[in-house]
$ cat structure_18.cif   # mmCIF, C-alpha atoms and all ligand atoms
data_run
loop_
_atom_site.group_PDB
_atom_site.id
_atom_site.type_symbol
_atom_site.label_atom_id
_atom_site.label_comp_id
_atom_site.auth_asym_id
_atom_site.auth_seq_id
_atom_site.Cartn_x
_atom_site.Cartn_y
_atom_site.Cartn_z
ATOM 1 C CA MET A 1 128.941 29.339 225.516
ATOM 2 C CA THR A 2 125.874 31.562 226.052
ATOM 3 C CA LYS A 3 126.282 35.116 224.882
ATOM 4 C CA ASN A 4 125.370 37.816 227.404
ATOM 5 C CA LYS A 5 122.342 39.815 226.377
ATOM 6 C CA GLU A 6 122.796 43.512 225.672
ATOM 7 C CA LYS A 7 121.332 45.892 228.251
ATOM 8 C CA LEU A 8 118.264 47.897 227.323
ATOM 9 C CA LEU A 9 116.656 50.681 229.352
ATOM 10 C CA LEU A 10 112.940 50.868 228.612
ATOM 11 C CA HIS A 11 111.135 54.105 229.356
ATOM 12 C CA VAL A 12 107.695 53.122 230.602
ATOM 13 C CA CYS A 13 104.782 55.495 231.131
ATOM 14 C CA CYS A 14 102.245 53.364 233.052
ATOM 15 C CA GLY A 15 101.421 49.849 234.170
ATOM 16 C CA VAL A 16 99.268 48.998 231.170
ATOM 17 C CA CYS A 17 102.040 49.904 228.722
ATOM 18 C CA GLY A 18 104.463 47.906 230.865
ATOM 19 C CA ALA A 19 102.366 44.747 230.777
ATOM 20 C CA TRP A 20 103.636 43.021 227.651
ATOM 21 C CA ILE A 21 106.524 45.007 226.097
ATOM 22 C CA PRO A 22 109.132 44.355 228.841
ATOM 23 C CA LYS A 23 108.359 40.630 228.740
ATOM 24 C CA MET A 24 108.675 40.544 224.958
ATOM 25 C CA LEU A 25 111.921 42.556 224.890
ATOM 26 C CA SER A 26 113.408 40.354 227.622
ATOM 27 C CA GLU A 27 113.654 37.536 225.096
ATOM 28 C CA LYS A 28 116.414 39.494 223.377
ATOM 29 C CA PHE A 29 117.722 42.012 225.939
ATOM 30 C CA GLU A 30 118.499 42.359 229.601
ATOM 31 C CA VAL A 31 115.714 44.860 230.323
ATOM 32 C CA SER A 32 115.379 47.460 233.083
ATOM 33 C CA LEU A 33 112.510 49.919 233.311
ATOM 34 C CA TYR A 34 112.834 53.666 233.758
ATOM 35 C CA PHE A 35 109.735 55.421 235.052
ATOM 36 C CA PHE A 36 110.410 59.021 234.115
ATOM 37 C CA ASN A 37 107.107 60.849 233.756
ATOM 38 C CA PRO A 38 106.986 64.289 235.386
ATOM 39 C CA ASN A 39 104.158 65.059 232.960
ATOM 40 C CA ILE A 40 101.722 63.034 235.071
ATOM 41 C CA TRP A 41 99.416 65.150 237.187
ATOM 42 C CA PRO A 42 98.444 65.095 239.984
ATOM 43 C CA LYS A 43 101.149 63.401 242.047
ATOM 44 C CA GLU A 44 98.667 60.821 243.401
ATOM 45 C CA GLU A 45 98.011 59.725 239.820
ATOM 46 C CA TYR A 46 101.764 59.527 239.213
ATOM 47 C CA GLU A 47 102.117 57.227 242.256
ATOM 48 C CA ARG A 48 99.251 55.046 241.023
ATOM 49 C CA ARG A 49 100.873 54.565 237.625
ATOM 50 C CA LEU A 50 104.257 53.896 239.203
ATOM 51 C CA ASP A 51 102.729 51.234 241.469
ATOM 52 C CA ALA A 52 100.955 49.642 238.490
ATOM 53 C CA THR A 53 104.266 49.585 236.582
ATOM 54 C CA LYS A 54 105.967 47.761 239.448
ATOM 55 C CA LYS A 55 103.074 45.301 239.602
ATOM 56 C CA ALA A 56 103.309 44.666 235.844
ATOM 57 C CA VAL A 57 106.831 43.238 236.116
ATOM 58 C CA GLU A 58 106.959 41.964 239.686
ATOM 59 C CA ASN A 59 107.075 38.337 238.615
ATOM 60 C CA LEU A 60 109.592 38.863 235.836
ATOM 61 C CA GLY A 61 112.613 39.886 237.904
ATOM 62 C CA ILE A 62 112.786 43.194 236.008
ATOM 63 C CA GLU A 63 114.042 46.203 237.912
ATOM 64 C CA VAL A 64 112.022 49.463 237.909
ATOM 65 C CA MET A 65 114.026 52.648 238.397
ATOM 66 C CA GLU A 66 112.300 55.932 239.088
ATOM 67 C CA GLY A 67 113.394 59.220 237.578
ATOM 68 C CA GLU A 68 112.924 62.594 239.196
ATOM 69 C CA TYR A 69 109.416 64.049 239.372
ATOM 70 C CA SER A 70 110.660 67.301 237.850
ATOM 71 C CA GLU A 71 107.236 68.823 237.301
ATOM 72 C CA ALA A 72 108.420 72.443 237.021
ATOM 73 C CA ASP A 73 110.965 71.532 234.320
ATOM 74 C CA TRP A 74 108.340 69.607 232.369
ATOM 75 C CA LEU A 75 105.855 72.498 232.573
ATOM 76 C CA SER A 76 108.481 74.866 231.261
ATOM 77 C CA ALA A 77 109.446 72.451 228.431
ATOM 78 C CA VAL A 78 105.867 72.411 227.097
ATOM 79 C CA ALA A 79 104.851 75.960 228.078
ATOM 80 C CA ASP A 80 104.867 77.347 224.530
ATOM 81 C CA PHE A 81 102.460 74.630 223.390
ATOM 82 C CA LYS A 82 100.220 74.192 226.417
ATOM 83 C CA ASP A 83 97.028 75.075 224.555
ATOM 84 C CA GLU A 84 97.687 72.707 221.643
ATOM 85 C CA PRO A 85 95.285 69.775 221.213
ATOM 86 C CA GLU A 86 96.384 66.304 222.255
ATOM 87 C CA GLY A 87 98.615 64.804 219.581
ATOM 88 C CA GLY A 88 100.063 68.187 218.621
ATOM 89 C CA LYS A 89 103.229 70.077 219.447
ATOM 90 C CA ARG A 90 102.767 69.880 223.216
ATOM 91 C CA CYS A 91 102.957 66.091 222.976
ATOM 92 C CA GLU A 92 106.063 66.269 220.785
ATOM 93 C CA ALA A 93 107.746 68.447 223.404
ATOM 94 C CA CYS A 94 106.597 66.003 226.103
ATOM 95 C CA PHE A 95 108.070 62.998 224.237
ATOM 96 C CA ASP A 96 111.260 64.950 223.630
ATOM 97 C CA PHE A 97 111.616 65.823 227.319
ATOM 98 C CA ARG A 98 111.139 62.241 228.489
ATOM 99 C CA LEU A 99 113.274 60.582 225.823
ATOM 100 C CA ALA A 100 116.159 63.023 226.288
ATOM 101 C CA GLU A 101 116.368 62.144 229.974
ATOM 102 C CA THR A 102 115.989 58.418 229.274
ATOM 103 C CA ALA A 103 118.877 58.533 226.782
ATOM 104 C CA ARG A 104 121.033 60.489 229.239
ATOM 105 C CA PHE A 105 120.280 58.079 232.092
ATOM 106 C CA ALA A 106 120.863 55.028 229.884
ATOM 107 C CA LYS A 107 124.248 56.314 228.764
ATOM 108 C CA GLU A 108 125.302 57.264 232.276
ATOM 109 C CA ASN A 109 124.381 53.802 233.529
ATOM 110 C CA ASP A 110 126.086 51.774 230.793
ATOM 111 C CA PHE A 111 123.072 50.558 228.888
ATOM 112 C CA ASP A 112 123.619 49.576 225.242
ATOM 113 C CA TRP A 113 120.114 50.561 224.152
ATOM 114 C CA PHE A 114 117.133 52.603 225.193
ATOM 115 C CA ALA A 115 113.493 52.365 224.084
ATOM 116 C CA SER A 116 110.075 53.623 225.106
ATOM 117 C CA THR A 117 106.670 52.015 225.492
ATOM 118 C CA LEU A 118 105.043 55.220 224.187
ATOM 119 C CA THR A 119 104.325 53.887 220.692
ATOM 120 C CA VAL A 120 101.919 51.261 222.002
ATOM 121 C CA GLY A 121 99.431 54.032 222.773
ATOM 122 C CA ARG A 122 96.555 54.191 220.324
ATOM 123 C CA ASN A 123 97.045 57.909 219.680
ATOM 124 C CA LYS A 124 100.844 58.001 219.877
ATOM 125 C CA LYS A 125 102.450 58.214 216.463
ATOM 126 C CA ALA A 126 105.596 56.157 215.922
ATOM 127 C CA GLU A 127 106.619 58.458 213.067
ATOM 128 C CA ILE A 128 106.907 61.282 215.607
ATOM 129 C CA ILE A 129 108.370 59.316 218.519
ATOM 130 C CA ASN A 130 111.026 57.283 216.684
ATOM 131 C CA PRO A 131 112.897 60.255 215.155
ATOM 132 C CA ILE A 132 112.984 61.901 218.600
ATOM 133 C CA GLY A 133 114.512 58.726 220.041
ATOM 134 C CA GLU A 134 117.042 58.559 217.231
ATOM 135 C CA LYS A 135 117.990 62.199 217.732
ATOM 136 C CA TRP A 136 118.836 61.643 221.419
ATOM 137 C CA ALA A 137 120.535 58.334 220.654
ATOM 138 C CA GLU A 138 122.908 60.115 218.326
ATOM 139 C CA LYS A 139 123.520 62.922 220.778
ATOM 140 C CA PHE A 140 124.390 60.561 223.646
ATOM 141 C CA GLY A 141 126.138 57.872 221.575
ATOM 142 C CA ILE A 142 123.752 55.016 222.408
ATOM 143 C CA SER A 143 121.336 52.875 220.344
ATOM 144 C CA PHE A 144 117.590 53.542 220.202
ATOM 145 C CA PHE A 145 115.250 50.598 219.605
ATOM 146 C CA ILE A 146 112.977 51.781 216.800
ATOM 147 C CA ALA A 147 109.515 50.295 217.104
ATOM 148 C CA ASP A 148 105.821 50.752 216.730
ATOM 149 C CA PHE A 149 104.690 48.514 219.553
ATOM 150 C CA LYS A 150 101.009 48.849 218.733
ATOM 151 C CA LYS A 151 101.595 47.014 215.422
ATOM 152 C CA GLY A 152 101.741 43.251 214.854
ATOM 153 C CA GLY A 153 99.153 42.551 217.547
ATOM 154 C CA GLY A 154 101.144 44.469 220.191
ATOM 155 C CA GLN A 155 98.204 46.558 221.286
ATOM 156 C CA ALA A 156 95.955 43.513 221.743
ATOM 157 C CA LYS A 157 98.669 41.644 223.672
ATOM 158 C CA THR A 158 99.184 44.694 225.907
ATOM 159 C CA ASP A 159 95.446 44.927 226.608
ATOM 160 C CA GLU A 160 95.155 41.210 227.299
ATOM 161 C CA GLU A 161 98.153 41.027 229.606
ATOM 162 C CA SER A 162 97.213 44.163 231.540
ATOM 163 C CA LYS A 163 93.717 42.797 232.122
ATOM 164 C CA ARG A 164 95.103 39.430 233.198
ATOM 165 C CA LEU A 165 97.320 41.195 235.745
ATOM 166 C CA GLY A 166 94.461 43.443 236.905
ATOM 167 C CA LEU A 167 96.487 46.617 236.378
ATOM 168 C CA TYR A 168 95.180 50.112 237.003
ATOM 169 C CA ARG A 169 93.928 51.644 233.745
ATOM 170 C CA GLN A 170 93.838 55.438 233.513
ATOM 171 C CA ASN A 171 91.308 57.388 231.447
ATOM 172 C CA TYR A 172 93.463 60.341 230.388
ATOM 173 C CA CYS A 173 96.925 60.625 228.902
ATOM 174 C CA GLY A 174 98.619 62.119 231.930
ATOM 175 C CA CYS A 175 99.237 65.857 232.068
ATOM 176 C CA ILE A 176 97.025 68.547 233.542
ATOM 177 C CA TYR A 177 96.125 69.691 230.026
ATOM 178 C CA SER A 178 94.887 66.248 228.997
ATOM 179 C CA LEU A 179 92.735 66.105 232.127
ATOM 180 C CA ARG A 180 91.018 69.362 231.318
ATOM 181 C CA ARG A 181 87.359 68.793 230.433
ATOM 182 C CA ASP A 182 86.233 71.674 228.300
HETATM 183 S S1 LIG A 201 98.622 64.720 226.383
HETATM 184 FE FE1 LIG A 201 100.045 63.099 227.050
HETATM 185 S S2 LIG A 201 101.752 63.101 225.584
HETATM 186 FE FE2 LIG A 201 100.592 65.010 225.352
HETATM 187 S S3 LIG A 201 101.645 66.481 226.665
HETATM 188 FE FE3 LIG A 201 100.027 65.592 227.896
HETATM 189 S S4 LIG A 201 100.954 63.846 228.947
HETATM 190 FE FE4 LIG A 201 102.344 64.434 227.297
#
$ encode --input "structure_18.cif" --output "structure tokens" --more "lines below"
Ligand code: SF4
Amino acid sequence: MTKNKEKLLLHVCCGVCGAWIPKMLSEKFEVSLYFFNPNIWPKEEYERRLDATKKAVENLGIEVMEGEYSEADWLSAVADFKDEPEGGKRCEACFDFRLAETARFAKENDFDWFASTLTVGRNKKAEIINPIGEKWAEKFGISFFIADFKKGGGQAKTDEESKRLGLYRQNYCGCIYSLRRD
């Protein structure tokens, strides 16, 4: 008798980050994607990344669900840290905002696990992201998949697969502050 796979909701931030991780996790879990990124500015860029995410998994039979583009709530969540450099407290607040909602949505929709592609990013520290995931997992009574997806060749596989699929590749992290050229 084949055992049903557990359900995992994977927060995904763009097409590139969605190129290899969902495929890899699908070997063990029944994976759905959650595109919850109200940090992305402007809205046209948000739509581009959402389209690239859908393209990344279109041949895998993986569903992509879209969260609310709650831009005002995100801006208020990071307001105290808006002038911090990239990688600082603004980014921690940004991860916290997105992972809290992913955990809530996962719990409400009967997922067993949640995870995020964020750690595959070159400048995204797993030692900051994983404890945030664990915190929300505990709060909502759900499991968080602890990972550093850039390790073990994950970053190279992500690059390779995203190039093979011809996915849109952005040149800034996402928010209006990361776009600022000063
Ligand atoms: S730089 Fe990236 S991680 Fe940091 S606040 Fe902006 S969008 Fe979020």
$ closest_atom_pairs --input "structure_18.cif" --of "chain A" --to "ligand LIG 201 (chain A)" --cutoff "7 Å" --atoms "only C-alpha atoms and all ligand atoms" --output "CSV"
residue,atom,partner,partner_atom,distance
A:Asn39,CA,A:LIG201,S4,5.3
A:Ile40,CA,A:LIG201,S4,6.2
A:Glu86,CA,A:LIG201,S1,5.0
A:Gly87,CA,A:LIG201,FE2,6.1
A:Arg90,CA,A:LIG201,S3,5.0
A:Cys91,CA,A:LIG201,FE2,3.5
A:Cys94,CA,A:LIG201,FE4,4.7
A:Phe95,CA,A:LIG201,S2,6.5
A:Cys173,CA,A:LIG201,FE1,4.4
A:Gly174,CA,A:LIG201,S4,4.2
A:Cys175,CA,A:LIG201,S4,4.1
A:Tyr177,CA,A:LIG201,FE3,6.0
A:Ser178,CA,A:LIG201,S1,4.8
$ resolve_selection --input "structure_18.cif" --expression "the PyMOL selection byres (((chain A and resi 97-112) around 9) and not hetatm)" --output "MDAnalysis selection string"
chainID A and resid 6:11 34 36:39 67 74 77:78 92:96 113:116 129 132:133 135:137 139:144
$ atom_distance --input "structure_18.cif" --atom1 "atom CA of Arg169 of chain A" --atom2 "atom CA of Val16 of chain A"
6.5 Å
$ closest_residue --input "structure_18.cif" --among "A:Val57, A:Glu27, A:Glu138, A:Tyr69" --to "Glu161 of chain A" --atoms "all atoms listed in the file"
A:Val57
$ atom_distance --input "structure_18.cif" --atom1 "atom CA of Trp41 of chain A" --atom2 "atom CA of Ala156 of chain A"
26.8 Å
$ axis_aligned_box --input "structure_18.cif" --around "segment 88-93 of chain A" --padding-each-side "8 Å" --output "lines of an AutoDock Vina configuration file"
center_x = 103.9
center_y = 68.1
center_z = 221.0
size_x = 23.7
size_y = 20.0
size_z = 20.8
$ closest_residue --input "structure_18.cif" --among "A:Cys17, A:Ala52, A:Met24, A:Val31" --to "Leu167 of chain A" --atoms "only C-alpha atoms"
A:Ala52
$ closest_residue --input "structure_18.cif" --among "A:Ser70, A:Ser162, A:Thr117, A:Gln170" --to "Pro22 of chain A" --atoms "all atoms listed in the file"
A:Thr117
$ closest_residue --input "structure_18.cif" --among "A:Asn4, A:Cys13, A:Glu84, A:Gly61" --to "Glu45 of chain A" --atoms "only C-alpha atoms"
A:Cys13
$ closest_residue --input "structure_18.cif" --among "A:Asp80, A:Leu118, A:Ile62, A:Pro42" --to "Phe149 of chain A" --atoms "only C-alpha atoms"
A:Leu118
$ residues_around --input "structure_18.cif" --residues "Asp148 of chain A" --least-positions-apart "6" --cutoff "7 Å" --atoms "only C-alpha atoms" --output "ChimeraX atom specification"
/A:119-120,126
$ residues_around --input "structure_18.cif" --residues "Arg49 of chain A" --least-positions-apart "2" --cutoff "6 Å" --atoms "only C-alpha atoms" --output "ChimeraX atom specification"
/A:14-15,46-47,51-52
$ closest_residue --input "structure_18.cif" --among "A:Phe145, A:Glu30, A:Gly154, A:Met65" --to "Gly121 of chain A" --atoms "all atoms listed in the file"
A:Gly154
$ build_atoms --input "structure_18.cif" --residues "segment 162-173 of chain A" --atoms "all heavy atoms" --output "PDB file, in the frame of the given file"
ATOM      1  N   SER A 162      97.497  43.222 230.455  1.00  0.00           N
ATOM      2  CA  SER A 162      97.213  44.163 231.540  1.00  0.00           C
ATOM      3  C   SER A 162      95.909  43.788 232.248  1.00  0.00           C
ATOM      4  O   SER A 162      95.783  43.955 233.457  1.00  0.00           O
ATOM      5  CB  SER A 162      97.168  45.601 231.022  1.00  0.00           C
ATOM      6  OG  SER A 162      96.149  45.744 230.076  1.00  0.00           O
ATOM      7  N   LYS A 163      94.970  43.244 231.491  1.00  0.00           N
ATOM      8  CA  LYS A 163      93.717  42.797 232.122  1.00  0.00           C
ATOM      9  C   LYS A 163      93.979  41.560 232.976  1.00  0.00           C
ATOM     10  O   LYS A 163      93.475  41.446 234.093  1.00  0.00           O
ATOM     11  CB  LYS A 163      92.662  42.488 231.059  1.00  0.00           C
ATOM     12  CG  LYS A 163      92.026  43.778 230.549  1.00  0.00           C
ATOM     13  CD  LYS A 163      90.937  43.543 229.525  1.00  0.00           C
ATOM     14  CE  LYS A 163      90.512  44.876 228.925  1.00  0.00           C
ATOM     15  NZ  LYS A 163      90.129  44.800 227.532  1.00  0.00           N
ATOM     16  N   ARG A 164      94.778  40.654 232.453  1.00  0.00           N
ATOM     17  CA  ARG A 164      95.103  39.430 233.198  1.00  0.00           C
ATOM     18  C   ARG A 164      95.757  39.768 234.545  1.00  0.00           C
ATOM     19  O   ARG A 164      95.479  39.152 235.567  1.00  0.00           O
ATOM     20  CB  ARG A 164      96.046  38.556 232.361  1.00  0.00           C
ATOM     21  CG  ARG A 164      96.289  37.180 232.920  1.00  0.00           C
ATOM     22  CD  ARG A 164      97.295  36.379 232.122  1.00  0.00           C
ATOM     23  NE  ARG A 164      98.663  36.844 232.261  1.00  0.00           N
ATOM     24  CZ  ARG A 164      99.447  36.591 233.300  1.00  0.00           C
ATOM     25  NH1 ARG A 164      99.025  35.852 234.287  1.00  0.00           N
ATOM     26  NH2 ARG A 164     100.692  37.065 233.352  1.00  0.00           N
ATOM     27  N   LEU A 165      96.609  40.810 234.522  1.00  0.00           N
ATOM     28  CA  LEU A 165      97.320  41.195 235.745  1.00  0.00           C
ATOM     29  C   LEU A 165      96.483  42.130 236.630  1.00  0.00           C
ATOM     30  O   LEU A 165      96.897  42.473 237.725  1.00  0.00           O
ATOM     31  CB  LEU A 165      98.646  41.891 235.376  1.00  0.00           C
ATOM     32  CG  LEU A 165      99.699  41.002 234.689  1.00  0.00           C
ATOM     33  CD1 LEU A 165     100.832  41.859 234.134  1.00  0.00           C
ATOM     34  CD2 LEU A 165     100.251  39.963 235.662  1.00  0.00           C
ATOM     35  N   GLY A 166      95.336  42.559 236.124  1.00  0.00           N
ATOM     36  CA  GLY A 166      94.461  43.443 236.905  1.00  0.00           C
ATOM     37  C   GLY A 166      95.082  44.804 237.165  1.00  0.00           C
ATOM     38  O   GLY A 166      94.940  45.363 238.264  1.00  0.00           O
ATOM     39  N   LEU A 167      95.765  45.355 236.182  1.00  0.00           N
ATOM     40  CA  LEU A 167      96.487  46.617 236.378  1.00  0.00           C
ATOM     41  C   LEU A 167      95.568  47.836 236.298  1.00  0.00           C
ATOM     42  O   LEU A 167      94.595  47.840 235.534  1.00  0.00           O
ATOM     43  CB  LEU A 167      97.588  46.754 235.319  1.00  0.00           C
ATOM     44  CG  LEU A 167      98.654  45.663 235.340  1.00  0.00           C
ATOM     45  CD1 LEU A 167      99.625  45.855 234.184  1.00  0.00           C
ATOM     46  CD2 LEU A 167      99.412  45.667 236.667  1.00  0.00           C
ATOM     47  N   TYR A 168      95.910  48.840 237.041  1.00  0.00           N
ATOM     48  CA  TYR A 168      95.180  50.112 237.003  1.00  0.00           C
ATOM     49  C   TYR A 168      95.227  50.694 235.588  1.00  0.00           C
ATOM     50  O   TYR A 168      96.270  50.765 234.953  1.00  0.00           O
ATOM     51  CB  TYR A 168      95.820  51.097 238.001  1.00  0.00           C
ATOM     52  CG  TYR A 168      95.374  52.519 237.781  1.00  0.00           C
ATOM     53  CD1 TYR A 168      94.032  52.888 237.947  1.00  0.00           C
ATOM     54  CD2 TYR A 168      96.277  53.497 237.370  1.00  0.00           C
ATOM     55  CE1 TYR A 168      93.616  54.183 237.715  1.00  0.00           C
ATOM     56  CE2 TYR A 168      95.870  54.806 237.144  1.00  0.00           C
ATOM     57  CZ  TYR A 168      94.548  55.140 237.312  1.00  0.00           C
ATOM     58  OH  TYR A 168      94.116  56.414 237.085  1.00  0.00           O
ATOM     59  N   ARG A 169      94.065  51.128 235.111  1.00  0.00           N
ATOM     60  CA  ARG A 169      93.928  51.644 233.745  1.00  0.00           C
ATOM     61  C   ARG A 169      93.408  53.074 233.810  1.00  0.00           C
ATOM     62  O   ARG A 169      92.277  53.316 234.228  1.00  0.00           O
ATOM     63  CB  ARG A 169      92.927  50.734 233.022  1.00  0.00           C
ATOM     64  CG  ARG A 169      92.663  51.018 231.574  1.00  0.00           C
ATOM     65  CD  ARG A 169      91.805  49.890 231.009  1.00  0.00           C
ATOM     66  NE  ARG A 169      92.585  48.669 230.933  1.00  0.00           N
ATOM     67  CZ  ARG A 169      93.215  48.254 229.828  1.00  0.00           C
ATOM     68  NH1 ARG A 169      93.107  48.923 228.705  1.00  0.00           N
ATOM     69  NH2 ARG A 169      93.921  47.156 229.830  1.00  0.00           N
ATOM     70  N   GLN A 170      94.222  54.027 233.432  1.00  0.00           N
ATOM     71  CA  GLN A 170      93.838  55.438 233.513  1.00  0.00           C
ATOM     72  C   GLN A 170      92.929  55.831 232.355  1.00  0.00           C
ATOM     73  O   GLN A 170      92.901  55.149 231.338  1.00  0.00           O
ATOM     74  CB  GLN A 170      95.088  56.340 233.510  1.00  0.00           C
ATOM     75  CG  GLN A 170      95.934  56.258 232.267  1.00  0.00           C
ATOM     76  CD  GLN A 170      96.969  55.134 232.323  1.00  0.00           C
ATOM     77  OE1 GLN A 170      97.056  54.386 233.283  1.00  0.00           O
ATOM     78  NE2 GLN A 170      97.758  55.016 231.273  1.00  0.00           N
ATOM     79  N   ASN A 171      92.208  56.965 232.530  1.00  0.00           N
ATOM     80  CA  ASN A 171      91.308  57.388 231.447  1.00  0.00           C
ATOM     81  C   ASN A 171      91.706  58.731 230.848  1.00  0.00           C
ATOM     82  O   ASN A 171      90.903  59.374 230.189  1.00  0.00           O
ATOM     83  CB  ASN A 171      89.853  57.405 231.939  1.00  0.00           C
ATOM     84  CG  ASN A 171      89.663  58.369 233.085  1.00  0.00           C
ATOM     85  OD1 ASN A 171      90.574  59.108 233.434  1.00  0.00           O
ATOM     86  ND2 ASN A 171      88.496  58.355 233.681  1.00  0.00           N
ATOM     87  N   TYR A 172      92.941  59.158 231.085  1.00  0.00           N
ATOM     88  CA  TYR A 172      93.463  60.341 230.388  1.00  0.00           C
ATOM     89  C   TYR A 172      94.960  60.148 230.210  1.00  0.00           C
ATOM     90  O   TYR A 172      95.580  59.347 230.912  1.00  0.00           O
ATOM     91  CB  TYR A 172      93.133  61.637 231.136  1.00  0.00           C
ATOM     92  CG  TYR A 172      93.821  61.810 232.482  1.00  0.00           C
ATOM     93  CD1 TYR A 172      94.909  62.672 232.628  1.00  0.00           C
ATOM     94  CD2 TYR A 172      93.383  61.101 233.602  1.00  0.00           C
ATOM     95  CE1 TYR A 172      95.524  62.839 233.860  1.00  0.00           C
ATOM     96  CE2 TYR A 172      94.007  61.264 234.828  1.00  0.00           C
ATOM     97  CZ  TYR A 172      95.075  62.125 234.947  1.00  0.00           C
ATOM     98  OH  TYR A 172      95.690  62.276 236.164  1.00  0.00           O
ATOM     99  N   CYS A 173      95.539  60.890 229.266  1.00  0.00           N
ATOM    100  CA  CYS A 173      96.925  60.625 228.902  1.00  0.00           C
ATOM    101  C   CYS A 173      97.869  60.826 230.074  1.00  0.00           C
ATOM    102  O   CYS A 173      98.729  59.988 230.340  1.00  0.00           O
ATOM    103  CB  CYS A 173      97.333  61.495 227.711  1.00  0.00           C
ATOM    104  SG  CYS A 173      98.984  61.076 227.105  1.00  0.00           S
TER     105      CYS A 173
END
